[in-house]
file start18.csv (CSV, C-alpha atoms)
chain,number,residue,atom,x,y,z
A,1,ALA,CA,154.4,121.9,85.1
A,2,GLY,CA,153.2,119.3,82.7
A,3,GLY,CA,150.3,117.1,83.5
A,4,VAL,CA,152.4,114.1,84.5
A,5,GLU,CA,154.5,116.2,86.9
A,6,GLN,CA,151.3,117.8,88.4
A,7,LEU,CA,149.7,114.4,88.9
A,8,ARG,CA,152.8,113.0,90.6
A,9,GLN,CA,152.8,116.0,92.9
A,10,PHE,CA,149.1,115.7,93.5
A,11,VAL,CA,149.4,112.0,94.5
A,12,LYS,CA,152.4,112.8,96.8
A,13,ALA,CA,150.8,115.9,98.4
A,14,THR,CA,147.3,114.5,98.9
A,15,ARG,CA,146.8,112.5,102.0
A,16,SER,CA,143.1,113.1,102.1
A,17,ALA,CA,140.4,115.2,100.3
A,18,GLU,CA,136.7,115.9,100.2
A,19,GLY,CA,134.3,117.6,97.8
A,20,GLU,CA,131.7,117.1,95.2
A,21,PHE,CA,131.6,115.3,91.9
A,22,GLU,CA,129.4,115.4,88.7
A,23,GLN,CA,129.5,112.3,86.5
A,24,THR,CA,128.3,112.0,82.9
A,25,VAL,CA,128.2,108.7,81.2
A,26,LEU,CA,128.0,108.8,77.4
A,27,ALA,CA,127.3,105.5,75.7
A,28,LYS,CA,128.6,104.8,72.2
A,29,SER,CA,125.2,103.7,71.1
A,30,GLY,CA,122.5,106.4,71.0
A,31,ARG,CA,121.5,105.9,74.7
A,32,LYS,CA,120.9,109.2,76.4
A,33,PRO,CA,123.8,110.4,78.7
A,34,GLN,CA,123.4,109.4,82.3
A,35,GLN,CA,124.0,112.2,84.7
A,36,ALA,CA,124.8,111.6,88.4
A,37,ALA,CA,126.2,113.8,91.1
A,38,GLY,CA,127.1,113.6,94.8
A,39,SER,CA,129.9,114.1,97.3
A,40,PHE,CA,133.1,112.3,98.1
A,41,ALA,CA,135.8,112.1,100.6
A,42,PHE,CA,139.0,109.9,100.8
A,43,SER,CA,142.0,109.2,102.9
A,44,ARG,CA,144.8,107.4,101.1
A,45,PRO,CA,145.3,104.6,100.8
A,46,GLY,CA,142.1,102.7,100.3
A,47,LYS,CA,139.7,104.7,102.4
A,48,PHE,CA,137.0,106.5,100.6
A,49,ARG,CA,133.4,107.6,100.5
A,50,TRP,CA,131.6,108.1,97.2
A,51,GLU,CA,128.0,109.1,97.7
A,52,TYR,CA,125.6,109.5,94.8
A,53,GLN,CA,122.7,111.9,95.7
A,54,THR,CA,121.2,112.1,92.2
A,55,PRO,CA,119.6,110.4,90.2
A,56,TYR,CA,119.3,108.0,93.2
A,57,GLN,CA,120.9,107.5,96.6
A,58,GLN,CA,123.8,105.1,96.6
A,59,LEU,CA,126.8,105.1,98.9
A,60,LEU,CA,130.1,103.4,98.4
A,61,VAL,CA,132.4,103.2,101.4
A,62,GLY,CA,135.9,101.7,101.3
A,63,ASP,CA,137.1,101.1,104.9
A,64,GLY,CA,140.5,100.1,103.8
A,65,GLU,CA,139.6,96.4,103.7
A,66,ARG,CA,136.1,96.1,102.4
A,67,LEU,CA,134.0,97.9,99.9
A,68,TRP,CA,130.4,98.6,101.1
A,69,ILE,CA,127.7,99.5,98.6
A,70,TRP,CA,124.4,100.7,100.1
A,71,ASP,CA,121.5,101.4,97.8
A,72,ARG,CA,118.6,103.1,99.5
A,73,ASP,CA,115.9,101.9,97.1
A,74,LEU,CA,117.1,98.4,97.1
A,75,ASN,CA,117.4,98.7,100.9
A,76,GLN,CA,120.4,96.5,100.6
A,77,VAL,CA,124.1,96.5,101.4
A,78,THR,CA,126.6,94.6,99.3
A,79,VAL,CA,130.0,94.1,100.9
A,80,LYS,CA,133.1,92.7,99.3
A,81,ARG,CA,136.9,92.6,99.9
A,82,ILE,CA,138.6,95.6,98.3
A,83,GLY,CA,141.7,93.5,97.7
A,84,ASP,CA,143.1,94.7,94.5
A,85,ALA,CA,139.6,95.7,93.2
A,86,LEU,CA,140.8,99.3,93.2
A,87,GLY,CA,144.1,98.3,91.5
A,88,ALA,CA,143.9,99.8,88.0
A,89,THR,CA,140.5,101.5,88.2
A,90,PRO,CA,139.9,105.2,87.8
A,91,ALA,CA,139.3,105.3,91.6
A,92,ALA,CA,142.9,104.2,92.2
A,93,ILE,CA,144.1,107.6,90.9
A,94,LEU,CA,142.3,109.3,93.7
A,95,PHE,CA,142.4,107.0,96.7
A,96,GLY,CA,144.6,104.0,95.7
A,97,SER,CA,147.9,103.3,97.3
A,98,GLY,CA,150.6,105.9,96.6
A,99,ASP,CA,152.5,104.2,93.8
A,100,LEU,CA,150.4,105.2,90.8
A,101,GLU,CA,153.0,104.2,88.2
A,102,GLN,CA,152.9,100.6,89.4
A,103,ASN,CA,149.4,100.3,87.9
A,104,PHE,CA,149.4,102.9,85.1
A,105,GLU,CA,151.6,104.0,82.2
A,106,LEU,CA,151.5,107.8,82.4
A,107,ALA,CA,152.1,110.1,79.3
A,108,GLU,CA,151.7,113.8,78.7
A,109,GLY,CA,148.3,114.6,77.2
A,110,GLY,CA,149.0,118.2,76.4
A,111,ASP,CA,147.1,121.3,77.4
A,112,SER,CA,143.5,122.1,76.5
A,113,GLU,CA,140.4,123.7,78.1
A,114,GLY,CA,142.7,125.3,80.6
A,115,LEU,CA,143.9,122.0,82.0
A,116,ALA,CA,147.2,120.0,81.8
A,117,TRP,CA,146.2,116.5,80.7
A,118,VAL,CA,147.7,113.1,81.5
A,119,GLU,CA,147.0,109.9,79.5
A,120,ALA,CA,146.9,106.9,81.9
A,121,ARG,CA,146.9,103.4,80.5
A,122,PRO,CA,146.4,100.5,82.9
A,123,LYS,CA,149.5,98.3,82.9
A,124,GLN,CA,147.4,95.2,83.8
A,125,GLU,CA,145.4,93.4,81.1
A,126,GLY,CA,141.7,93.2,81.7
A,127,SER,CA,141.4,96.2,83.9
A,128,GLY,CA,138.0,97.0,82.4
A,129,PHE,CA,138.8,100.3,80.8
A,130,GLU,CA,140.9,101.2,77.8
A,131,ALA,CA,142.2,104.6,78.6
A,132,MET,CA,141.8,107.5,81.0
A,133,ARG,CA,142.6,111.1,80.8
A,134,ILE,CA,143.1,113.2,83.9
A,135,GLY,CA,142.9,117.0,83.6
A,136,LEU,CA,144.8,119.1,86.3
A,137,ALA,CA,145.2,122.7,87.1
A,138,GLY,CA,147.2,124.2,89.9
A,139,GLY,CA,148.3,120.8,90.9
A,140,GLN,CA,144.7,119.6,91.5
A,141,VAL,CA,142.6,117.0,89.7
A,142,LYS,CA,139.8,118.9,88.0
A,143,ARG,CA,138.5,116.3,85.5
A,144,MET,CA,138.7,112.6,84.7
A,145,GLU,CA,137.6,111.0,81.5
A,146,MET,CA,137.5,107.2,81.1
A,147,ARG,CA,136.7,105.2,78.0
A,148,ASP,CA,135.8,101.5,78.7
A,149,ASN,CA,136.1,98.6,76.2
A,150,PHE,CA,132.6,99.2,75.0
A,151,GLY,CA,133.3,102.7,73.8
A,152,GLN,CA,131.4,104.3,76.7
A,153,THR,CA,133.0,107.4,78.1
A,154,THR,CA,132.6,108.5,81.7
A,155,THR,CA,133.5,112.0,82.6
A,156,VAL,CA,133.8,113.1,86.2
A,157,LEU,CA,134.1,116.8,87.1
A,158,PHE,CA,135.0,118.1,90.6
A,159,PRO,CA,133.2,121.4,91.3
A,160,ARG,CA,134.6,121.3,94.8
A,161,PHE,CA,137.9,119.6,95.8
A,162,VAL,CA,139.4,120.4,99.2
A,163,LEU,CA,142.9,119.0,99.7
A,164,ASN,CA,144.0,117.5,103.0
A,165,PRO,CA,141.0,118.7,105.1
A,166,PRO,CA,140.7,117.3,108.7
A,167,VAL,CA,138.8,114.1,108.0
A,168,ASP,CA,137.4,112.1,110.9
A,169,ALA,CA,138.1,108.4,110.4
A,170,GLY,CA,134.4,107.6,111.3
A,171,ARG,CA,133.5,108.7,107.8
A,172,PHE,CA,135.2,105.7,106.3
A,173,ARG,CA,133.5,103.1,108.5
A,174,PHE,CA,130.2,101.8,107.5
A,175,MET,CA,127.5,100.3,109.7
A,176,PRO,CA,124.6,98.8,107.7
A,177,PRO,CA,121.4,100.7,108.7
A,178,THR,CA,119.0,98.6,110.8
A,179,GLY,CA,116.6,96.6,108.7
A,180,ALA,CA,118.9,96.7,105.7
A,181,ASP,CA,119.6,93.4,104.0
A,182,VAL,CA,123.4,92.7,103.9
A,183,ILE,CA,124.7,90.4,101.2
A,184,GLY,CA,128.3,89.8,100.3
A,185,ASP,CA,131.2,87.5,100.0
A,186,ASP,CA,132.5,88.5,103.4
A,187,THR,CA,131.5,86.6,106.5
A,188,THR,CA,131.9,89.5,109.0
A,189,LYS,CA,128.9,91.6,108.1
A,190,GLY,CA,129.2,94.2,110.9
A,191,GLY,CA,131.1,97.4,110.2
A,192,ARG,CA,134.1,98.3,112.3
B,1,CYS,CA,107.1,106.1,96.9
B,2,ALA,CA,103.4,105.7,96.2
B,3,PRO,CA,102.0,103.8,99.1
B,4,LEU,CA,100.6,100.4,98.1
B,5,SER,CA,96.8,100.1,98.6
B,6,PRO,CA,96.0,98.2,101.8
B,7,GLN,CA,97.6,94.8,101.8
B,8,ILE,CA,94.7,92.4,101.5
B,9,ARG,CA,96.2,88.9,101.4
B,10,HIS,CA,94.0,86.8,99.1
B,11,SER,CA,95.0,84.6,96.3
B,12,GLY,CA,91.7,84.9,94.5
B,13,ALA,CA,90.9,87.7,92.1
B,14,ALA,CA,94.4,88.1,90.5
B,15,GLN,CA,93.6,90.6,87.8
B,16,GLN,CA,94.6,89.5,84.3
B,17,ARG,CA,97.6,91.7,83.5
B,18,GLN,CA,98.6,92.4,79.9
B,19,GLN,CA,102.1,91.2,79.0
B,20,ALA,CA,104.2,93.4,76.7
B,21,ALA,CA,106.0,91.4,74.1
B,22,ALA,CA,108.8,93.9,74.0
B,23,PHE,CA,110.1,96.5,76.5
B,24,GLU,CA,113.1,98.5,77.7
B,25,LEU,CA,114.0,98.2,81.3
B,26,GLU,CA,116.5,100.2,83.4
B,27,GLY,CA,117.1,99.3,87.0
B,28,ARG,CA,119.4,98.5,89.8
B,29,LEU,CA,120.0,95.1,91.1
B,30,SER,CA,122.0,93.0,93.5
B,31,ALA,CA,122.4,89.3,93.1
B,32,SER,CA,123.9,86.7,95.4
B,33,ASP,CA,124.3,82.9,95.2
B,34,GLY,CA,124.9,82.7,98.9
B,35,GLU,CA,128.7,83.2,98.5
B,36,ARG,CA,129.4,85.9,96.0
B,37,ALA,CA,127.5,89.1,95.6
B,38,ALA,CA,127.3,91.5,92.8
B,39,SER,CA,125.4,94.8,92.5
B,40,GLY,CA,125.1,97.4,89.8
B,41,ARG,CA,122.8,98.9,87.2
B,42,MET,CA,121.2,97.0,84.4
B,43,GLU,CA,119.7,98.0,81.1
B,44,TRP,CA,117.7,95.4,79.2
B,45,LEU,CA,116.1,95.6,75.8
B,46,HIS,CA,113.7,92.7,75.3
B,47,SER,CA,111.8,91.6,72.2
B,48,PRO,CA,110.5,88.3,71.1
B,49,THR,CA,113.5,87.8,68.8
B,50,ARG,CA,116.3,89.6,70.6
B,51,ASP,CA,117.5,90.4,74.1
B,52,SER,CA,120.4,92.7,75.0
B,53,TRP,CA,121.6,93.4,78.5
B,54,THR,CA,124.1,95.9,79.7
B,55,LEU,CA,125.4,95.6,83.2
B,56,LEU,CA,127.2,98.7,84.7
B,57,ASN,CA,129.2,98.7,87.9
B,58,PRO,CA,128.2,101.2,90.7
B,59,LEU,CA,130.7,103.7,89.3
B,60,GLY,CA,129.0,103.7,85.9
B,61,GLN,CA,131.4,101.6,83.9
B,62,ILE,CA,130.1,98.8,81.7
B,63,ALA,CA,130.9,95.5,83.4
B,64,ALA,CA,129.5,93.3,80.7
B,65,GLN,CA,127.1,93.1,77.7
B,66,LEU,CA,125.0,90.0,76.8
B,67,GLU,CA,123.2,89.8,73.5
B,68,GLN,CA,120.8,86.9,72.4
B,69,ASP,CA,119.0,86.3,69.2
B,70,ALA,CA,117.8,83.3,67.2
B,71,SER,CA,121.4,82.4,66.3
B,72,GLY,CA,122.5,82.1,70.0
B,73,ALA,CA,124.0,84.3,72.7
B,74,GLU,CA,127.2,86.2,73.2
B,75,LEU,CA,128.6,87.7,76.4
B,76,VAL,CA,131.4,90.3,76.3
B,77,THR,CA,133.0,91.3,79.6
B,78,ALA,CA,134.8,94.5,80.5
B,79,ASP,CA,138.2,92.9,80.0
B,80,GLY,CA,137.3,92.1,76.4
B,81,ARG,CA,136.7,88.3,76.8
B,82,ARG,CA,133.9,86.8,74.7
B,83,TYR,CA,131.7,83.8,75.6
B,84,ARG,CA,129.2,82.2,73.2
B,85,ALA,CA,126.4,79.8,74.0
B,86,GLY,CA,123.2,78.4,72.5
B,87,SER,CA,121.1,80.7,74.7
B,88,ALA,CA,121.5,83.5,77.3
B,89,ASP,CA,120.4,81.2,80.1
B,90,SER,CA,123.8,79.6,80.4
B,91,LEU,CA,125.6,82.9,80.2
B,92,LEU,CA,123.4,84.9,82.6
B,93,PRO,CA,125.3,83.6,85.7
B,94,GLN,CA,128.5,85.3,84.3
B,95,LEU,CA,126.5,88.5,83.8
B,96,LEU,CA,124.3,88.7,86.9
B,97,GLY,CA,126.2,86.2,89.2
B,98,VAL,CA,123.1,84.1,89.4
B,99,GLU,CA,121.3,81.7,87.2
B,100,VAL,CA,117.8,82.9,86.3
B,101,PRO,CA,115.6,81.6,83.4
B,102,VAL,CA,115.6,84.4,80.9
B,103,ALA,CA,112.2,83.8,79.3
B,104,ARG,CA,110.5,83.7,82.7
B,105,LEU,CA,112.4,86.8,83.8
B,106,ALA,CA,110.7,88.7,81.0
B,107,GLN,CA,107.3,87.8,82.5
B,108,TRP,CA,108.3,88.2,86.1
B,109,VAL,CA,109.5,91.8,85.6
B,110,GLN,CA,106.0,92.6,84.4
B,111,ALA,CA,104.2,90.6,87.1
B,112,ALA,CA,102.4,88.9,84.2
B,113,PRO,CA,103.3,85.3,84.7
B,114,ARG,CA,102.4,82.4,82.5
B,115,ARG,CA,99.2,80.4,83.4
B,116,GLU,CA,101.1,77.6,85.1
B,117,ALA,CA,102.6,80.0,87.6
B,118,GLU,CA,100.9,80.2,91.0
B,119,ILE,CA,99.8,83.7,92.2
B,120,ARG,CA,99.9,83.0,95.9
B,121,GLU,CA,99.1,86.5,97.1
B,122,THR,CA,97.8,89.7,95.6
B,123,ASP,CA,97.3,93.2,96.9
B,124,GLY,CA,94.2,95.3,97.2
B,125,SER,CA,94.1,96.0,93.5
B,126,GLY,CA,94.5,92.3,92.6
B,127,ARG,CA,98.1,92.6,91.5
B,128,PRO,CA,100.5,89.8,92.5
B,129,THR,CA,102.6,90.4,95.6
B,130,LEU,CA,103.8,86.8,95.8
B,131,LEU,CA,104.3,84.4,92.8
B,132,ILE,CA,105.6,80.9,92.7
B,133,ASP,CA,106.9,79.7,89.3
B,134,ALA,CA,108.9,76.5,88.7
B,135,GLY,CA,110.4,76.6,92.1
B,136,TRP,CA,111.2,80.3,92.0
B,137,ARG,CA,109.7,82.7,94.5
B,138,ILE,CA,109.0,86.2,93.3
B,139,ALA,CA,107.9,88.8,95.8
B,140,TYR,CA,106.7,92.1,94.5
B,141,LEU,CA,107.5,94.6,97.3
B,142,GLU,CA,106.5,97.8,95.4
B,143,TYR,CA,104.7,98.8,92.3
B,144,ALA,CA,105.4,102.0,90.3
B,145,ASP,CA,102.0,103.4,91.2
B,146,ASN,CA,98.5,102.3,92.2
B,147,GLY,CA,97.2,101.6,88.7
B,148,ILE,CA,96.0,98.0,88.0
B,149,ASN,CA,98.6,97.7,85.1
B,150,ALA,CA,101.4,99.5,87.0
B,151,ALA,CA,104.8,97.9,86.5
B,152,PRO,CA,106.5,96.4,89.5
B,153,ARG,CA,109.2,98.6,91.0
B,154,LEU,CA,110.9,96.5,93.7
B,155,MET,CA,111.0,92.8,93.5
B,156,ASP,CA,112.9,89.9,95.1
B,157,ILE,CA,113.5,86.7,93.0
B,158,SER,CA,114.8,83.7,94.9
B,159,ARG,CA,115.3,80.0,94.8
B,160,GLY,CA,117.4,78.2,97.4
B,161,ASP,CA,120.6,80.4,97.9
B,162,THR,CA,120.0,82.3,94.7
B,163,ARG,CA,118.7,85.8,95.3
B,164,LEU,CA,118.2,88.7,92.9
B,165,ARG,CA,116.7,92.0,94.1
B,166,LEU,CA,115.7,94.4,91.3
B,167,PHE,CA,114.6,98.0,91.6
B,168,ILE,CA,113.1,99.1,88.3
B,169,ASP,CA,113.9,102.8,87.6
B,170,ARG,CA,112.3,102.8,84.1
B,171,TRP,CA,110.1,100.2,82.3
B,172,THR,CA,108.7,101.1,78.9
B,173,PRO,CA,106.8,98.7,76.6
B,174,THR,CA,108.2,99.1,73.0
B,175,PRO,CA,106.2,98.6,69.8

call {"tool": "encode", "arguments": {"input": "start18.csv", "output": "structure tokens"}}
result
Amino acid sequence: AGGVEQLRQFVKATRSAEGEFEQTVLAKSGRKPQQAAGSFAFSRPGKFRWEYQTPYQQLLVGDGERLWIWDRDLNQVTVKRIGDALGATPAAILFGSGDLEQNFELAEGGDSEGLAWVEARPKQEGSGFEAMRIGLAGGQVKRMEMRDNFGQTTTVLFPRFVLNPPVDAGRFRFMPPTGADVIGDDTTKGGR
Amino acid sequence: CAPLSPQIRHSGAAQQRQQAAAFELEGRLSASDGERAASGRMEWLHSPTRDSWTLLNPLGQIAAQLEQDASGAELVTADGRRYRAGSADSLLPQLLGVEVPVARLAQWVQAAPRREAEIRETDGSGRPTLLIDAGWRIAYLEYADNGINAAPRLMDISRGDTRLRLFIDRWTPTP
């Protein structure tokens, strides 16, 4: 099946997932590429865990309502309402609400590097990125490439991607570690 | 991280620290004005005639870029909107979420304040651990290493409800 069909199947079939990611950010200007890697898990819609292990430890948790960002070195937690923050972002492809084509215009991106590609353009103006390509094989997302309005390209590979594993809900709740400074535009600071 | 030498609180012997006129800085920050909070990664190229900031969101996308030179300052945000102003000071709130005096920031990130600033506390090696400058409070929580001219690594900048915490991953003076 073509990329678009595989992506539609993926979104329909995937209730949850877990695995590892490798992210490379290439800036238009000569800045050296930024490599980062870590693990992820998600449970649609809106619950996810995106944990950077390298080059530093940073954890993003979406508990369905709020986005928690914990940075170990800063020893600080930032919390904000998810609201439509996921809306038309690359993250929405993986763990947004089911209706992808509400936020994205999907088009066939052809086959290359052993993947069937989908071109996804955000329907909303001002979504912060220009275009995204998603590479699938065997009905699974293998690679995502996003180009933002500054010509910077972020590529995310998924060396491990387990579909619909048993995921315990506790993974998508976040309790700020003791002693951590919590700042945010949300009055209720405790996790649920 | 390199343990700080014993914390001797004295405001005397603040060692004179050199101040680089130009540098490259990469770090992570979180900023809050008491209501809204923002966090992300920052890249900052500073020289006497030009400043350029790139702010990236936690997932690595560029959220905004701010450039300043003699002719003024321009901020471009991820959704493509452009803002111009006489200087970066008035645009910084849109980049960092808080208002921080740019020229001072270039000194604070080096813990090499201007003479009028008050070094209230220093550590065992005479490096500032607490600085008061024009109503701003700058606490240096960590330095990159124990050398006298080590760059700060973790710092808190605050005034009233405005708070900025910066972890400097890389700081390099440039010629």

call {"tool": "atom_distance", "arguments": {"input": "start18.csv", "atom1": "atom CA of Phe167 of chain B", "atom2": "atom CA of Gly62 of chain A"}}
result
23.7 Å

call {"tool": "closest_residue", "arguments": {"input": "start18.csv", "among": "B:Ser47, B:Thr174, B:Gln94, B:Thr162", "to": "chain A", "atoms": "only C-alpha atoms"}}
result
B:Thr162

call {"tool": "closest_residue", "arguments": {"input": "start18.csv", "among": "B:Asp169, B:Asp145, B:Asp69, B:Glu121", "to": "chain A", "atoms": "all atoms listed in the file"}}
result
B:Asp169

call {"tool": "residues_around", "arguments": {"input": "start18.csv", "residues": "Ala21 of chain B", "least_positions_apart": "6", "cutoff": "10 Å", "atoms": "only C-alpha atoms", "output": "NGL selection string"}}
result
:B and (46-49 or 106-107 or 173-175)

call {"tool": "interface_residues", "arguments": {"input": "start18.csv", "of": "chain B", "to": "chain A", "cutoff": "9 Å", "atoms": "all atoms listed in the file", "output": "PyMOL selection string"}}
result
chain B and resi 28-32+34-39+58+60-65+77-81+154+165-167

call {"tool": "closest_residue", "arguments": {"input": "start18.csv", "among": "A:Lys28, A:Leu106, A:Arg66, A:Gln57", "to": "Arg8 of chain A", "atoms": "only C-alpha atoms"}}
result
A:Leu106

call {"tool": "residues_near_point", "arguments": {"input": "start18.csv", "point": "(143.2, 113.3, 81.6)", "cutoff": "8 Å", "atoms": "all atoms listed in the file", "output": "PyMOL selection string"}}
result
chain A and resi 109+116-120+132-136+143-145

call {"tool": "closest_residue", "arguments": {"input": "start18.csv", "among": "A:Ala131, A:Met175, A:Ala137, A:Leu157", "to": "Ser39 of chain A", "atoms": "all atoms listed in the file"}}
result
A:Leu157

call {"tool": "atom_distance", "arguments": {"input": "start18.csv", "atom1": "atom CA of Gly86 of chain B", "atom2": "atom CA of Val98 of chain B"}}
result
17.8 Å

call {"tool": "atom_distance", "arguments": {"input": "start18.csv", "atom1": "atom CA of Ala111 of chain B", "atom2": "atom CA of Asn57 of chain B"}}
result
26.3 Å

call {"tool": "closest_residue", "arguments": {"input": "start18.csv", "among": "B:Leu130, B:Ala85, B:Ala151, B:Leu56", "to": "Met42 of chain B", "atoms": "only C-alpha atoms"}}
result
B:Leu56

call {"tool": "residues_around", "arguments": {"input": "start18.csv", "residues": "Pro128 of chain B", "least_positions_apart": "3", "cutoff": "7 Å", "atoms": "only C-alpha atoms", "output": "list in words"}}
result
Ala14, Ala111, Ile119, Glu121, Thr122, Asp123, Leu131 and Tyr140 of chain B

call {"tool": "write_last_selection", "arguments": {"input": "start18.csv", "atoms": "C-alpha atoms", "output": "compact mmCIF listing (two decimals), in the frame of the given file"}}
result
# COMPACT_ATOMS: atom_id res chain seq x y z
CA ALA B 14 94.40 88.10 90.50
CA ALA B 111 104.20 90.60 87.10
CA ILE B 119 99.80 83.70 92.20
CA GLU B 121 99.10 86.50 97.10
CA THR B 122 97.80 89.70 95.60
CA ASP B 123 97.30 93.20 96.90
CA LEU B 131 104.30 84.40 92.80
CA TYR B 140 106.70 92.10 94.50

call {"tool": "residues_near_point", "arguments": {"input": "start18.csv", "point": "(103.9, 79.6, 84.3)", "cutoff": "12 Å", "atoms": "only C-alpha atoms", "output": "list in words"}}
result
Pro101, Ala103, Arg104, Leu105, Ala106, Gln107, Trp108, Ala111, Ala112, Pro113, Arg114, Arg115, Glu116, Ala117, Glu118, Ile119, Leu131, Ile132, Asp133, Ala134, Gly135 and Trp136 of chain B

call {"tool": "closest_residue", "arguments": {"input": "start18.csv", "among": "B:Leu96, B:Val102, B:Met155, B:Leu59", "to": "Ala73 of chain B", "atoms": "all atoms listed in the file"}}
result
B:Val102

call {"tool": "residues_around", "arguments": {"input": "start18.csv", "residues": "segment 93-103 of chain A", "least_positions_apart": "4", "cutoff": "6 Å", "atoms": "only C-alpha atoms", "output": "list in words"}}
result
Arg44, Pro45, Gly46, Ala88, Pro122 and Lys123 of chain A

call {"tool": "decode", "arguments": {"input": "start18.csv", "residues": "segment 81-94 of chain B", "atoms": "N, CA, C and O atoms", "output": "compact mmCIF listing (two decimals), in the first residue's frame"}}
result
# COMPACT_ATOMS: atom_id res chain seq x y z
N ARG B 81 6.14 35.16 11.51
CA ARG B 81 5.88 36.60 11.73
C ARG B 81 7.19 37.31 12.06
O ARG B 81 8.08 36.73 12.69
N ARG B 82 7.33 38.56 11.62
CA ARG B 82 8.55 39.36 11.88
C ARG B 82 8.20 40.56 12.73
O ARG B 82 7.15 41.17 12.53
N TYR B 83 9.08 40.85 13.68
CA TYR B 83 8.90 42.03 14.53
C TYR B 83 10.19 42.81 14.50
O TYR B 83 11.26 42.22 14.59
N ARG B 84 10.08 44.16 14.35
CA ARG B 84 11.32 44.98 14.36
C ARG B 84 11.27 45.95 15.52
O ARG B 84 10.18 46.34 15.97
N ALA B 85 12.45 46.30 16.02
CA ALA B 85 12.51 47.28 17.11
C ALA B 85 13.89 47.91 17.09
O ALA B 85 14.81 47.41 16.43
N GLY B 86 14.01 49.00 17.86
CA GLY B 86 15.28 49.70 17.88
C GLY B 86 16.38 48.84 18.47
O GLY B 86 17.51 48.82 18.01
N SER B 87 15.98 48.05 19.52
CA SER B 87 17.03 47.20 20.12
C SER B 87 16.39 45.89 20.54
O SER B 87 15.16 45.76 20.58
N ALA B 88 17.21 44.92 20.84
CA ALA B 88 16.71 43.58 21.18
C ALA B 88 15.98 43.59 22.52
O ALA B 88 15.11 42.76 22.77
N ASP B 89 16.32 44.58 23.38
CA ASP B 89 15.72 44.58 24.71
C ASP B 89 14.20 44.48 24.66
O ASP B 89 13.58 43.74 25.41
N SER B 90 13.61 45.21 23.70
CA SER B 90 12.14 45.23 23.71
C SER B 90 11.57 43.97 23.04
O SER B 90 10.39 43.66 23.17
N LEU B 91 12.41 43.21 22.33
CA LEU B 91 11.89 42.02 21.65
C LEU B 91 12.16 40.75 22.46
O LEU B 91 11.53 39.72 22.25
N LEU B 92 13.10 40.86 23.39
CA LEU B 92 13.49 39.67 24.15
C LEU B 92 12.30 39.00 24.85
O LEU B 92 12.20 37.77 24.85
N PRO B 93 11.34 39.80 25.41
CA PRO B 93 10.21 39.13 26.05
C PRO B 93 9.48 38.16 25.11
O PRO B 93 9.02 37.10 25.51
N GLN B 94 9.43 38.53 23.80
CA GLN B 94 8.74 37.60 22.89
C GLN B 94 9.58 36.38 22.61
O GLN B 94 9.07 35.34 22.22
